[in-house]
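Raw contents of structure.csv, CSV, C-alpha atoms:
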chain,number,residue,atom,x,y,z
A,1,MET,CA,-14.0,0.3,23.5
A,2,PRO,CA,-13.1,4.0,24.2
A,3,ASP,CA,-13.6,6.5,21.5
A,4,THR,CA,-10.2,7.4,20.2
A,5,ARG,CA,-11.2,9.8,17.4
A,6,SER,CA,-9.5,13.2,17.1
A,7,SER,CA,-11.5,16.1,18.6
A,8,LYS,CA,-12.3,17.6,15.2
A,9,THR,CA,-14.0,15.6,12.4
A,10,ASP,CA,-12.4,16.4,9.0
A,11,PHE,CA,-14.8,16.8,6.1
A,12,GLY,CA,-13.4,16.6,2.6
A,13,VAL,CA,-14.4,16.1,-1.0
A,14,PHE,CA,-13.7,13.3,-3.4
A,15,LEU,CA,-13.5,15.3,-6.6
A,16,PRO,CA,-15.3,14.1,-9.7
A,17,VAL,CA,-12.1,13.5,-11.5
A,18,ALA,CA,-13.6,10.7,-13.7
A,19,ASN,CA,-16.9,10.9,-15.6
A,20,GLY,CA,-20.0,9.6,-13.8
A,21,GLY,CA,-18.6,10.2,-10.4
A,22,TRP,CA,-19.6,7.7,-7.7
A,23,ILE,CA,-23.1,6.8,-8.9
A,24,ILE,CA,-23.2,4.4,-11.9
A,25,SER,CA,-26.2,5.7,-13.7
A,26,ASP,CA,-27.2,7.7,-16.7
A,27,THR,CA,-30.0,9.6,-14.9
A,28,THR,CA,-27.7,11.5,-12.5
A,29,PRO,CA,-26.6,15.1,-13.2
A,30,LYS,CA,-23.8,14.8,-15.8
A,31,LEU,CA,-20.3,14.7,-14.4
A,32,ASP,CA,-17.8,14.7,-17.3
A,33,GLY,CA,-14.6,14.3,-15.3
A,34,LEU,CA,-13.1,17.3,-16.9
A,35,TRP,CA,-11.3,20.4,-15.5
A,36,LYS,CA,-14.1,23.0,-15.2
A,37,GLN,CA,-16.3,20.8,-13.1
A,38,ASN,CA,-13.4,19.8,-10.8
A,39,LEU,CA,-12.3,23.4,-10.5
A,40,ALA,CA,-15.8,24.5,-9.6
A,41,ALA,CA,-16.1,21.8,-7.0
A,42,ALA,CA,-12.7,22.5,-5.4
A,43,VAL,CA,-13.2,26.3,-5.3
A,44,THR,CA,-16.7,25.8,-3.7
A,45,ALA,CA,-15.2,23.3,-1.1
A,46,ASP,CA,-12.6,25.9,-0.2
A,47,GLU,CA,-15.2,28.7,0.1
A,48,VAL,CA,-17.6,26.7,2.3
A,49,GLY,CA,-14.9,25.5,4.7
A,50,MET,CA,-14.2,21.9,3.8
A,51,ASP,CA,-10.9,20.5,5.1
A,52,PHE,CA,-9.5,18.8,2.0
A,53,VAL,CA,-10.1,17.9,-1.6
A,54,MET,CA,-8.7,14.7,-3.1
A,55,SER,CA,-8.6,13.3,-6.6
A,56,MET,CA,-7.9,9.7,-7.6
A,57,GLY,CA,-5.7,8.4,-10.4
A,58,LYS,CA,-7.7,6.4,-13.0
A,59,TRP,CA,-6.4,5.0,-16.2
A,60,ARG,CA,-9.2,2.9,-17.6
A,61,GLY,CA,-13.0,2.9,-17.2
A,62,PHE,CA,-15.6,0.3,-16.7
A,63,GLY,CA,-17.4,0.5,-20.1
A,64,GLY,CA,-21.1,-0.1,-20.1
A,65,GLU,CA,-23.6,2.3,-21.7
A,66,THR,CA,-22.1,5.3,-19.8
A,67,ASN,CA,-18.5,4.4,-20.3
A,68,HIS,CA,-18.2,5.0,-16.5
A,69,TRP,CA,-14.8,6.4,-15.5
A,70,GLY,CA,-13.7,6.2,-19.1
A,71,SER,CA,-12.7,9.8,-19.2
A,72,SER,CA,-10.6,11.3,-16.4
A,73,MET,CA,-8.0,14.0,-15.5
A,74,GLU,CA,-4.5,13.1,-14.2
A,75,SER,CA,-4.4,13.7,-10.5
A,76,VAL,CA,-1.2,15.5,-9.7
A,77,THR,CA,-1.2,18.0,-12.5
A,78,MET,CA,-4.9,18.8,-12.0
A,79,MET,CA,-4.3,19.4,-8.3
A,80,ALA,CA,-1.5,21.9,-9.1
A,81,GLY,CA,-4.1,24.0,-10.9
A,82,ILE,CA,-6.5,23.6,-8.1
A,83,ALA,CA,-3.9,24.6,-5.6
A,84,GLN,CA,-3.4,27.9,-7.4
A,85,ALA,CA,-7.2,28.5,-7.4
A,86,THR,CA,-7.8,27.8,-3.7
A,87,LYS,CA,-6.7,29.5,-0.5
A,88,ARG,CA,-7.0,27.2,2.6
A,89,VAL,CA,-8.3,23.7,1.7
A,90,LYS,CA,-5.7,20.9,1.7
A,91,ILE,CA,-4.8,19.5,-1.7
A,92,TRP,CA,-4.4,15.7,-1.9
A,93,ALA,CA,-3.2,14.0,-5.1
A,94,THR,CA,-2.9,10.3,-5.9
A,95,ALA,CA,0.1,8.3,-7.1
A,96,HIS,CA,0.4,4.5,-7.8
A,97,THR,CA,3.4,2.7,-6.4
A,98,LEU,CA,3.5,0.3,-9.3
A,99,LEU,CA,3.5,3.0,-11.9
A,100,HIS,CA,5.2,6.1,-10.6
A,101,ASN,CA,8.9,6.4,-9.7
A,102,PRO,CA,9.2,7.5,-6.1
A,103,VAL,CA,11.9,10.0,-6.8
A,104,VAL,CA,9.7,11.7,-9.4
A,105,ILE,CA,6.7,11.6,-7.1
A,106,ALA,CA,8.7,13.1,-4.2
A,107,LYS,CA,9.6,16.0,-6.4
A,108,MET,CA,6.0,16.4,-7.8
A,109,ILE,CA,4.4,16.5,-4.4
A,110,THR,CA,7.0,18.9,-3.1
A,111,THR,CA,6.2,21.1,-6.1
A,112,LEU,CA,2.5,20.9,-5.2
A,113,ASP,CA,3.3,21.7,-1.6
A,114,HIS,CA,5.1,24.9,-2.7
A,115,ILE,CA,2.4,25.9,-5.1
A,116,SER,CA,-0.2,25.5,-2.4
A,117,GLY,CA,1.8,27.1,0.4
A,118,GLY,CA,2.1,23.9,2.4
A,119,ARG,CA,-1.3,22.3,1.8
A,120,ALA,CA,-0.2,19.2,-0.3
A,121,GLY,CA,-0.9,15.6,0.5
A,122,LEU,CA,-0.2,12.3,-1.2
A,123,ASN,CA,-2.8,9.5,-1.5
A,124,ILE,CA,-0.8,6.3,-2.0
A,125,VAL,CA,-2.4,3.5,-4.0
A,126,ALA,CA,-0.4,0.3,-3.5
A,127,GLY,CA,-2.9,-2.1,-5.2
A,128,ALA,CA,-4.0,-2.0,-8.8
A,129,TYR,CA,-6.6,-3.2,-11.2
A,130,LYS,CA,-4.7,-5.4,-13.7
A,131,ASP,CA,-6.6,-4.1,-16.8
A,132,GLU,CA,-5.5,-0.6,-16.2
A,133,PHE,CA,-1.8,-1.5,-15.9
A,134,ASP,CA,-1.8,-4.2,-18.6
A,135,GLN,CA,-2.8,-1.7,-21.3
A,136,MET,CA,0.4,0.2,-20.7
A,137,GLY,CA,2.7,-2.7,-20.1
A,138,ALA,CA,3.0,-1.9,-16.4
A,139,TRP,CA,1.6,-5.0,-14.9
A,140,ASP,CA,4.1,-7.6,-13.5
A,141,ASP,CA,2.5,-11.1,-13.1
A,142,SER,CA,5.4,-12.2,-11.0
A,143,LEU,CA,4.5,-10.0,-8.1
A,144,SER,CA,2.1,-11.5,-5.6
A,145,HIS,CA,-0.3,-9.4,-3.6
A,146,ASP,CA,2.1,-9.3,-0.7
A,147,ASP,CA,5.0,-8.4,-3.0
A,148,ARG,CA,3.1,-5.3,-4.1
A,149,TYR,CA,3.0,-4.1,-0.5
A,150,VAL,CA,6.7,-4.9,-0.1
A,151,LEU,CA,7.3,-2.6,-3.1
A,152,ALA,CA,5.0,0.0,-1.7
A,153,GLU,CA,6.8,0.0,1.6
A,154,GLU,CA,10.1,0.6,-0.1
A,155,TRP,CA,8.6,3.2,-2.4
A,156,THR,CA,7.1,5.1,0.6
A,157,SER,CA,10.3,5.0,2.6
A,158,ILE,CA,12.3,6.5,-0.3
A,159,ILE,CA,9.8,9.4,-0.6
A,160,LYS,CA,9.9,10.1,3.2
A,161,ARG,CA,13.8,10.1,3.1
A,162,LEU,CA,14.0,12.3,0.1
A,163,TRP,CA,11.7,14.8,1.9
A,164,SER,CA,14.0,15.0,4.9
A,165,GLU,CA,17.6,13.9,4.0
A,166,PRO,CA,20.3,15.7,2.0
A,167,SER,CA,20.8,12.7,-0.2
A,168,VAL,CA,19.6,9.1,-0.3
A,169,THR,CA,21.5,6.0,-1.2
A,170,HIS,CA,19.3,2.9,-1.3
A,171,GLU,CA,19.9,-0.7,-2.6
A,172,GLY,CA,16.5,-2.4,-2.3
A,173,ARG,CA,14.6,-5.2,-4.0
A,174,PHE,CA,12.8,-2.8,-6.3
A,175,PHE,CA,14.6,0.5,-6.3
A,176,HIS,CA,18.3,1.5,-6.5
A,177,LEU,CA,19.3,5.1,-5.6
A,178,LYS,CA,22.9,6.4,-5.6
A,179,ASP,CA,23.5,9.7,-3.8
A,180,CYS,CA,20.0,10.8,-4.9
A,181,VAL,CA,19.1,14.4,-4.1
A,182,SER,CA,15.7,16.1,-4.1
A,183,ASP,CA,15.7,19.8,-3.3
A,184,PRO,CA,13.9,21.9,-2.2
A,185,LYS,CA,12.2,20.1,0.6
A,186,PRO,CA,8.4,20.4,1.1
A,187,LEU,CA,7.1,23.4,3.1
A,188,SER,CA,4.8,21.2,5.2
A,189,ARG,CA,6.1,20.1,8.6
A,190,PRO,CA,7.0,17.4,9.3
A,191,ARG,CA,6.0,16.5,5.7
A,192,PRO,CA,3.0,16.5,3.4
A,193,ASP,CA,0.1,14.4,4.6
A,194,MET,CA,0.1,10.8,3.5
A,195,ILE,CA,-3.2,8.9,3.0
A,196,CYS,CA,-3.8,5.4,2.0
A,197,ALA,CA,-6.6,2.7,1.7
A,198,GLY,CA,-6.1,-1.0,2.2
A,199,MET,CA,-8.6,-3.6,3.2
A,200,SER,CA,-6.6,-6.9,3.0
A,201,ASP,CA,-4.7,-7.6,6.2
A,202,ARG,CA,-1.4,-6.8,4.5
A,203,GLY,CA,-2.7,-3.7,2.9
A,204,PHE,CA,-4.4,-2.6,6.2
A,205,ARG,CA,-1.1,-2.8,8.2
A,206,PHE,CA,0.7,-0.9,5.5
A,207,SER,CA,-1.8,1.9,5.6
A,208,VAL,CA,-1.8,2.2,9.3
A,209,ARG,CA,2.0,2.1,9.6
A,210,GLU,CA,2.9,4.4,6.7
A,211,SER,CA,0.1,7.0,6.5
A,212,ASP,CA,-1.5,9.7,8.6
A,213,ALA,CA,-5.0,8.7,7.8
A,214,CYS,CA,-6.5,5.5,6.2
A,215,PHE,CA,-9.6,5.2,4.2
A,216,ILE,CA,-11.7,2.3,5.4
A,217,GLY,CA,-14.6,0.4,3.7
A,218,GLY,CA,-17.4,-1.8,4.7
A,219,ARG,CA,-20.8,-3.0,3.4
A,220,SER,CA,-22.5,-1.8,6.6
A,221,MET,CA,-22.0,0.7,9.3
A,222,ASP,CA,-21.1,-2.2,11.7
A,223,GLU,CA,-18.3,-3.3,9.3
A,224,LEU,CA,-17.0,0.3,9.0
A,225,ARG,CA,-17.0,0.6,12.8
A,226,ASP,CA,-15.1,-2.6,13.1
A,227,ALA,CA,-12.6,-1.5,10.5
A,228,SER,CA,-12.1,1.8,12.3
A,229,ARG,CA,-11.5,0.1,15.6
A,230,ARG,CA,-9.2,-2.4,14.0
A,231,ALA,CA,-7.1,0.4,12.5
A,232,LYS,CA,-6.7,2.2,15.8
A,233,THR,CA,-5.9,-1.1,17.6
A,234,VAL,CA,-3.2,-1.9,15.0
A,235,ALA,CA,-1.8,1.6,15.3
A,236,ALA,CA,-1.6,1.3,19.1
A,237,GLU,CA,0.3,-2.0,18.8
A,238,MET,CA,2.7,-0.2,16.5
A,239,GLY,CA,3.2,2.7,18.9
A,240,THR,CA,1.5,5.2,16.7
A,241,THR,CA,-1.9,6.8,15.9
A,242,ILE,CA,-4.0,6.9,12.8
A,243,LYS,CA,-7.1,8.8,11.6
A,244,THR,CA,-9.8,6.8,9.9
A,245,TYR,CA,-11.9,8.2,7.1
A,246,ALA,CA,-14.8,6.8,5.0
A,247,MET,CA,-16.5,7.8,1.8
A,248,CYS,CA,-20.0,9.1,1.9
A,249,THR,CA,-22.5,10.1,-0.8
A,250,LEU,CA,-25.1,12.7,0.1
A,251,ILE,CA,-28.3,13.0,-1.8
A,252,HIS,CA,-30.5,15.9,-0.6
A,253,ALA,CA,-33.7,17.7,-1.6
A,254,ASP,CA,-36.1,20.0,0.2
A,255,THR,CA,-37.9,17.1,1.8
A,256,ASP,CA,-37.1,13.5,2.6
A,257,ALA,CA,-39.7,12.3,0.1
A,258,LYS,CA,-38.1,14.4,-2.7
A,259,ALA,CA,-34.7,13.1,-1.9
A,260,GLU,CA,-35.9,9.5,-1.9
A,261,ALA,CA,-37.5,10.2,-5.3
A,262,LEU,CA,-34.1,11.3,-6.6
A,263,VAL,CA,-32.7,8.0,-5.4
A,264,ASP,CA,-35.4,6.1,-7.3
A,265,HIS,CA,-34.7,8.2,-10.4
A,266,TYR,CA,-31.0,7.4,-10.2
A,267,ARG,CA,-31.7,3.7,-9.8
A,268,GLU,CA,-33.8,3.8,-13.0
A,269,GLY,CA,-30.7,4.7,-14.9
A,270,THR,CA,-28.5,2.0,-13.4
A,271,ASP,CA,-25.7,1.0,-15.8
A,272,MET,CA,-25.5,-2.7,-15.0
A,273,GLY,CA,-22.9,-3.4,-17.6
A,274,ALA,CA,-20.5,-0.9,-16.0
A,275,ILE,CA,-21.2,-2.2,-12.5
A,276,ILE,CA,-20.5,-5.8,-13.6
A,277,ASN,CA,-17.2,-4.7,-15.2
A,278,MET,CA,-16.2,-2.8,-12.0
A,279,LEU,CA,-17.0,-5.9,-9.8
A,280,ARG,CA,-15.0,-8.1,-12.2
A,281,SER,CA,-12.0,-5.8,-11.8
A,282,TRP,CA,-12.4,-6.1,-8.0
A,283,GLY,CA,-12.1,-9.9,-8.3
A,284,VAL,CA,-15.7,-11.0,-7.8
A,285,PRO,CA,-16.0,-14.5,-9.2
A,286,PRO,CA,-17.8,-14.8,-12.6
A,287,GLU,CA,-20.6,-16.9,-11.2
A,288,ARG,CA,-21.5,-14.3,-8.6
A,289,LEU,CA,-21.2,-11.1,-10.7
A,290,SER,CA,-24.9,-10.7,-11.6
A,291,ALA,CA,-26.1,-11.3,-8.0
A,292,VAL,CA,-23.5,-9.0,-6.5
A,293,ALA,CA,-24.3,-6.3,-9.1
A,294,GLU,CA,-28.0,-6.4,-8.2
A,295,THR,CA,-27.2,-6.0,-4.5
A,296,GLN,CA,-24.6,-3.3,-5.2
A,297,GLY,CA,-26.8,-1.2,-7.3
A,298,PRO,CA,-25.6,2.2,-8.7
A,299,PHE,CA,-24.3,3.6,-5.4
A,300,MET,CA,-20.6,3.0,-4.7
A,301,THR,CA,-20.4,4.2,-1.1
A,302,GLN,CA,-22.5,4.6,2.0
A,303,THR,CA,-25.3,7.0,1.0
A,304,MET,CA,-27.1,9.5,3.2
A,305,VAL,CA,-30.5,10.6,1.8
A,306,GLY,CA,-33.0,13.3,2.9
A,307,SER,CA,-33.6,16.9,3.6
A,308,PRO,CA,-30.6,18.9,4.8
A,309,ALA,CA,-31.7,18.4,8.4
A,310,THR,CA,-32.1,14.7,7.9
A,311,CYS,CA,-28.8,14.4,6.2
A,312,ALA,CA,-27.1,16.4,9.0
A,313,GLU,CA,-28.5,13.9,11.5
A,314,LYS,CA,-27.4,10.9,9.5
A,315,VAL,CA,-23.9,12.3,8.9
A,316,GLU,CA,-23.5,13.0,12.6
A,317,HIS,CA,-24.7,9.5,13.5
A,318,PHE,CA,-22.5,8.0,10.8
A,319,THR,CA,-19.2,9.6,12.1
A,320,GLN,CA,-20.0,8.9,15.7
A,321,TYR,CA,-21.3,5.3,15.4
A,322,CYS,CA,-18.4,4.2,13.1
A,323,GLU,CA,-15.9,6.1,15.2
A,324,LEU,CA,-14.5,8.0,12.3
A,325,ASP,CA,-12.2,11.0,12.2
A,326,GLY,CA,-13.4,12.2,8.9
A,327,LEU,CA,-15.6,11.8,5.8
A,328,MET,CA,-14.8,12.3,2.2
A,329,MET,CA,-18.0,13.6,0.7
A,330,ILE,CA,-19.5,12.9,-2.7
A,331,PHE,CA,-22.5,14.6,-4.4
A,332,PRO,CA,-24.5,14.1,-7.5
A,333,ASP,CA,-24.1,17.8,-8.2
A,334,TYR,CA,-21.0,19.0,-6.5
A,335,VAL,CA,-21.5,22.8,-6.5
A,336,GLU,CA,-25.1,22.6,-5.4
A,337,GLY,CA,-24.4,19.9,-2.8
A,338,LEU,CA,-21.4,21.6,-1.4
A,339,LYS,CA,-23.2,24.9,-1.0
A,340,MET,CA,-26.0,23.2,0.9
A,341,PHE,CA,-23.5,21.2,3.0
A,342,GLY,CA,-21.5,24.4,3.9
A,343,ALA,CA,-24.6,26.4,4.8
A,344,GLU,CA,-26.8,23.9,6.5
A,345,ILE,CA,-24.8,20.9,7.7
A,346,LEU,CA,-21.1,21.8,8.3
A,347,PRO,CA,-21.9,24.5,10.9
A,348,ARG,CA,-24.0,22.1,12.9
A,349,LEU,CA,-21.3,19.3,12.8
A,350,ASN,CA,-18.5,21.7,13.8
A,351,THR,CA,-20.6,22.9,16.7
A,352,VAL,CA,-21.1,19.3,17.9
A,353,ALA,CA,-17.4,18.7,17.6
A,354,ALA,CA,-16.6,21.8,19.6
Step by step, read the file and then write its structure as structure tokens.
Amino acid sequence: MPDTRSSKTDFGVFLPVANGGWIISDTTPKLDGLWKQNLAAAVTADEVGMDFVMSMGKWRGFGGETNHWGSSMESVTMMAGIAQATKRVKIWATAHTLLHNPVVIAKMITTLDHISGGRAGLNIVAGAYKDEFDQMGAWDDSLSHDDRYVLAEEWTSIIKRLWSEPSVTHEGRFFHLKDCVSDPKPLSRPRPDMICAGMSDRGFRFSVRESDACFIGGRSMDELRDASRRAKTVAAEMGTTIKTYAMCTLIHADTDAKAEALVDHYREGTDMGAIINMLRSWGVPPERLSAVAETQGPFMTQTMVGSPATCAEKVEHFTQYCELDGLMMIFPDYVEGLKMFGAEILPRLNTVAA
């Protein structure tokens, strides 16, 4: 299959918006999920030349000894502060289609776009973990999995129309608008970036059709490559194009051996209770939870380990082999990791792309 990636690989940062970050362990550098650490990570990302920063929306954690993801910032309001503190990096915030009114989100992302001078983006979350929404009375048991994507399609269409039309009248299954106005319009042209992730067939087609880039997942590099190819094939069938991004955790040290020792140290602190609760929320059957948790371990994404030179080789191979247009990077220590990435890895990757 021909390589259909864009000419430049995008490198962004998944901000540590919830405590613990993306390694479920109590022996990692402490990430508290609070403002100062997120601000420092975003400003460093901006300074070293990353393309975007993104924050998720999280409403309930996974418990365990570390209370993993139990403490978090709200995405859109936090990103408004980050927009003011940065100069060039794109600012992507998250909203949930089941929770947020589309008219309100259209206005909020427009506001973020104006604060940032046209750098805003919207990460659309169409799925949900029931426990998060049940606690606030926002879960509807009558909606099937496919129903949630019907709602998401209606929600997304409304936002796009509000960003481009003088007024919107809409009578749908889930939303009802009567001569609804939303001014001013965003600065971004043709509109702010839209990003989404979806791994079910229904969710996958929604992401490809409605967004500019989709986050893909997989247990192996082969699965990630297959998902990237699938996205681009579906996009071609729809007469459009799509960028594919994946998440990547980078653990580095002066030498490969020291980096591997860090991995072993993080594994020693694995919070198995939080991992099991996370997998349960993902729908893993009770009888398989312990076995899957042991296989999963503390690392939630594809992980590159080694010296800066080794990590550079692995990241380059990862993007090329999986036919990705971008990576969203994660670090145990964000400021330290980003400074190294910007100094020793990003220039090499940009030279290869050029």
Next on the checklist: Need to verify the contact set: Ser290 (chain A), 12 Å, all atoms listed in the file, exclusion of same-chain residues closer than 2 positions in sequence. Can you return it as a PyMOL selection string?
Outcome noted: chain A and resi 272-280+284-288+292-297
Next on the checklist: Just want the 8 Å neighbourhood of Cys180 (chain A), counted on only C-alpha atoms, with same-chain residues fewer than 5 positions away dropped. Output as a ChimeraX atom specification.
Outcome noted: /A:162,167-169
Dump of C-alpha atoms for the selected residues, as an mmCIF file, in the coordinates of the input:
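Final output, saved to result.cif:
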data_model
loop_
_atom_site.group_PDB
_atom_site.id
_atom_site.type_symbol
_atom_site.label_atom_id
_atom_site.label_comp_id
_atom_site.auth_asym_id
_atom_site.auth_seq_id
_atom_site.Cartn_x
_atom_site.Cartn_y
_atom_site.Cartn_z
ATOM 1 C CA LEU A 162 14.000 12.300 0.100
ATOM 2 C CA SER A 167 20.800 12.700 -0.200
ATOM 3 C CA VAL A 168 19.600 9.100 -0.300
ATOM 4 C CA THR A 169 21.500 6.000 -1.200
#
Checklist entry - Quick one, how far is CA of Pro332 (chain A) from CA of Ala93 (chain A)? => result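 For CA of Pro332 (chain A) relative to CA of Ala93 (chain A), the distance reads 21.4 Å.
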Item to check | Among the residues A:Phe175, A:Asp113, A:Arg60, A:Asn38, the one that comes closest to Met136 (chain A) [using all atoms listed in the file] | outcome: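 Smallest separation from Met136 (chain A) among the options: A:Arg60.
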Checklist entry - Leaving out Gly198 (chain A) and any residue of its chain fewer than 5 positions from it, which residues lie within 7 Å of it when counting all atoms listed in the file, given as a list in words? => result Gly203, Phe204 and Ser207 of chain A
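Among the candidate residues A:Phe174, A:Phe341, A:Trp22, A:Trp282, the one lying nearest to Asn101 (chain A) is A:Phe174, with distances computed using all atoms listed in the file.
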Checklist entry - For the atom pair CA of Val13 (chain A) and CA of Arg219 (chain A), what is the interatomic distance in Å to one decimal place? => result 20.6 Å
Checklist entry - With distances taken over only C-alpha atoms, which of A:Thr244, A:Thr249, A:Ser71, A:Ser211 is nearest to Ile330 (chain A)? => result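 Selected residue with least distance to Ile330 (chain A): A:Thr249.
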Next on the checklist: Report as a ChimeraX atom specification all protein, DNA and RNA residues lying within 6 Å of His252 (chain A), evaluated on all atoms listed in the file, omitting residues in the same chain fewer than 6 positions from it.
Outcome noted: /A:259,305-307
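CA of Ile345 (chain A) sits 23.6 Å away from CA of Asp264 (chain A).
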Checklist entry - In file coordinates, which residues lie within 8 Å of (-19.0, 28.3, -1.3) using only C-alpha atoms, given as an MDAnalysis selection string? => result chainID A and resid 43:49 335 338:339 342
Next on the checklist: Taking all atoms listed in the file into account, name the residue in A:Asp10, A:Asp32, A:Glu74, A:Asp51 that is nearest to Thr319 (chain A).
Outcome noted: A:Asp10
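Closest approach to His114 (chain A) among A:Asp226, A:Asp183, A:Asp254, A:Glu210: A:Asp183, based on all atoms listed in the file.
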Checklist entry - Using all atoms listed in the file, which of the listed residues (A:His265, A:Ile158, A:Met238, A:Trp139) sits closest to Arg205 (chain A)? => result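 Of A:His265, A:Ile158, A:Met238, A:Trp139, the one nearest Arg205 (chain A), counting all atoms listed in the file, is A:Met238.
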Need the shell around Arg229 (chain A): protein/DNA/RNA residues with any atom at most 12 Å away, counting all atoms listed in the file. Skip same-chain ones fewer than 2 positions apart. Format as a compact mmCIF listing (two decimals) with C-alpha atoms, keeping the file's coordinate frame?
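Saved to around_8.txt:
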# COMPACT_ATOMS: atom_id res chain seq x y z
CA MET A 1 -14.00 0.30 23.50
CA PRO A 2 -13.10 4.00 24.20
CA ASP A 3 -13.60 6.50 21.50
CA THR A 4 -10.20 7.40 20.20
CA ARG A 5 -11.20 9.80 17.40
CA VAL A 208 -1.80 2.20 9.30
CA CYS A 214 -6.50 5.50 6.20
CA ILE A 216 -11.70 2.30 5.40
CA ASP A 222 -21.10 -2.20 11.70
CA GLU A 223 -18.30 -3.30 9.30
CA LEU A 224 -17.00 0.30 9.00
CA ARG A 225 -17.00 0.60 12.80
CA ASP A 226 -15.10 -2.60 13.10
CA ALA A 227 -12.60 -1.50 10.50
CA ALA A 231 -7.10 0.40 12.50
CA LYS A 232 -6.70 2.20 15.80
CA THR A 233 -5.90 -1.10 17.60
CA VAL A 234 -3.20 -1.90 15.00
CA ALA A 235 -1.80 1.60 15.30
CA ALA A 236 -1.60 1.30 19.10
CA THR A 241 -1.90 6.80 15.90
CA ILE A 242 -4.00 6.90 12.80
CA LYS A 243 -7.10 8.80 11.60
CA THR A 244 -9.80 6.80 9.90
CA TYR A 245 -11.90 8.20 7.10
CA TYR A 321 -21.30 5.30 15.40
CA CYS A 322 -18.40 4.20 13.10
CA GLU A 323 -15.90 6.10 15.20
CA LEU A 324 -14.50 8.00 12.30
CA ASP A 325 -12.20 11.00 12.20
